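Down below is the structure, laid out as structure tokens.
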Amino acid sequence: MKRKNYISWDEYFMALALISAERSKDPNSQVGACIVDENNKIVSLGYNGAPIGYDDDKDMVWDREGNFLETKYAYVCHSELNAILNANKSVKGCKIYVTLFPCNECAKALIQAGITEVIYLSDKYNGVDSNIVSKKLLDTCGVKYRKYEEKGKQLVIKL
């Protein structure tokens with residue numbers, strides 16, 4: 001008889017997005033992403049961080065406010081973009097699990113890359129301009145999105 005308390009595909013892939021977020025060195029926002037193909041095979045993972053070669057200790061600024069050039073927003077690569085760029089094959093037709101609803105810039109990248117569905121954990125920026133644009137882009141371009149249904153399960157990983 002097979003085991004009954006195994007995790008679902010959604011739980012598995014969102015857990016991987018959450019684990020990926022733990023790689024982020026951003027002191028304020030840790031976001032992770034997991035791209036999966038139509039056969040539930042993992043295509044890529046990503047998290048928000050500095051571009052390759054940009055020293056996140058010496059060069060990276062992590063401030064959220066102030067002059068744009070002196071904030072993280074000018075430099076950081078979001079988890080969705082990193083997941084697309086980290087992929088070892090085309091992500092066309094894939095879905096993405098993300099811990100935070102994609103911003104408008106990431107929505108454009110997801111659309112252009114051919115992602116067909118976004119499953120998100122948090123939509124904490126719901127109603128702000130970039131979120132409104134993101135949803136408009138996804139809706140207009142036929143990319144489905146849905147909130148991850150939390151079931152209250154807890155996974156403990158001892159490293």
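Please note that chains go A, B, ... in the order of the structure tokens, that every chain numbers its residues from 1, and that ligands are numbered from 1 in the order shown.
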
Write out as a ChimeraX atom specification each polymer residue whose atoms come within 10 Å of stretch 45-60 of chain A, counting only C-alpha atoms; drop sequence neighbours fewer than 3 positions from it. /A:13,16-26,29-36,42,63,70-72,74-87,96-99

Show me a table, sorted first by chain and then by increasing residue number, of the residues of stretch 28-127 of chain A having an atom at most 8 Å from stretch 147-159 of chain A, each with its shortest atom pair and the distance in Å to one decimal, counting only C-alpha atoms and written as a tab-separated table.
residue	atom	partner	partner_atom	distance
A:Ile119	CA	A:Lys147	CA	5.7
A:Tyr120	CA	A:Lys147	CA	5.1
A:Leu121	CA	A:Tyr148	CA	5.2
A:Ser122	CA	A:Lys147	CA	7.5

Would you compute the distance between atom CA of A:Lys89 and atom CA of A:Ile7? Give it in Å to one decimal.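 Between atom CA of A:Lys89 and atom CA of A:Ile7 the gap works out to 26.3 Å.
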
For the strand (DSSP E or B) assignment from backbone DSSP, which residues of chain A qualify? Please present them as a list in words.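 The strand (DSSP E or B) subset of chain A is Gly32, Ala33, Cys34, Ile35, Val36, Ile42, Val43, Ser44, Leu45, Gly46, Tyr47, Gly49, Cys77, Lys95, Ile96, Tyr97, Val98, Thr99, Leu100, Glu117, Val118, Ile119, Tyr120, Leu121, Ser122, Lys144, Tyr145, Arg146 and Lys147 of chain A.
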
Those in chain A with helix (DSSP H, G or I) from DSSP, as a PyMOL selection string: chain A and resi 9-21+68-70+72-74+79-86+104-113+129-140

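When atom CA of A:Asp139 is paired with atom CA of A:Asp123, their separation reads 15.9 Å.
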
Pick from A:Ala113, A:Asn104, A:Met14, A:Lys144: nearest to A:Asp129, with only C-alpha atoms counted? A:Asn104

Which residues are near A:Gly114? Cut-off 8 Å, only C-alpha atoms, ignore same chain within fewer than 4 positions. Put them as a PDB file with N, CA, C and O atoms, in the first residue's frame.
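Writing done, so here's out.pdb:
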ATOM      1  N   VAL A  91      11.707  27.510 -21.670  1.00  0.00           N
ATOM      2  CA  VAL A  91      10.654  27.488 -20.648  1.00  0.00           C
ATOM      3  C   VAL A  91       9.270  27.686 -21.269  1.00  0.00           C
ATOM      4  O   VAL A  91       8.281  27.799 -20.547  1.00  0.00           O
ATOM      5  N   LYS A  92       9.211  27.687 -22.596  1.00  0.00           N
ATOM      6  CA  LYS A  92       7.938  27.850 -23.287  1.00  0.00           C
ATOM      7  C   LYS A  92       6.989  26.718 -22.893  1.00  0.00           C
ATOM      8  O   LYS A  92       7.352  25.545 -22.919  1.00  0.00           O
ATOM      9  N   GLY A  93       5.783  27.085 -22.483  1.00  0.00           N
ATOM     10  CA  GLY A  93       4.788  26.096 -22.078  1.00  0.00           C
ATOM     11  C   GLY A  93       4.905  25.676 -20.617  1.00  0.00           C
ATOM     12  O   GLY A  93       4.112  24.856 -20.152  1.00  0.00           O
ATOM     13  N   CYS A  94       5.858  26.224 -19.900  1.00  0.00           N
ATOM     14  CA  CYS A  94       6.065  25.864 -18.491  1.00  0.00           C
ATOM     15  C   CYS A  94       5.220  26.742 -17.571  1.00  0.00           C
ATOM     16  O   CYS A  94       4.669  27.751 -17.976  1.00  0.00           O
ATOM     17  N   LEU A 110       8.187  36.856 -18.246  1.00  0.00           N
ATOM     18  CA  LEU A 110       7.479  35.572 -18.229  1.00  0.00           C
ATOM     19  C   LEU A 110       6.669  35.383 -19.504  1.00  0.00           C
ATOM     20  O   LEU A 110       6.677  34.304 -20.103  1.00  0.00           O
TER      21      LEU A 110
END

What does the distance from atom CA of A:Ser44 to atom CA of A:Leu138 come to in Å, to one decimal?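 Computing the Euclidean distance for atom CA of A:Ser44 and atom CA of A:Leu138 yields 20.8 Å.
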
Write out as a list in words which residues come within 12 Å of A:Gly142 when counting only C-alpha atoms, dropping same-chain ones fewer than 6 positions away. Gly93, Ala107, Leu110, Ile111, Gln112, Gly114, Ile115, Thr116, Glu117, Val118, Lys135 and Lys136 of chain A

Can you pull out the residues contacting A:Val133? Cut-off 12 Å, using only C-alpha atoms, and skip same-chain residues under 5 positions away; I want them as number ranges by chain. A: 101-108, 125-128, 138-140
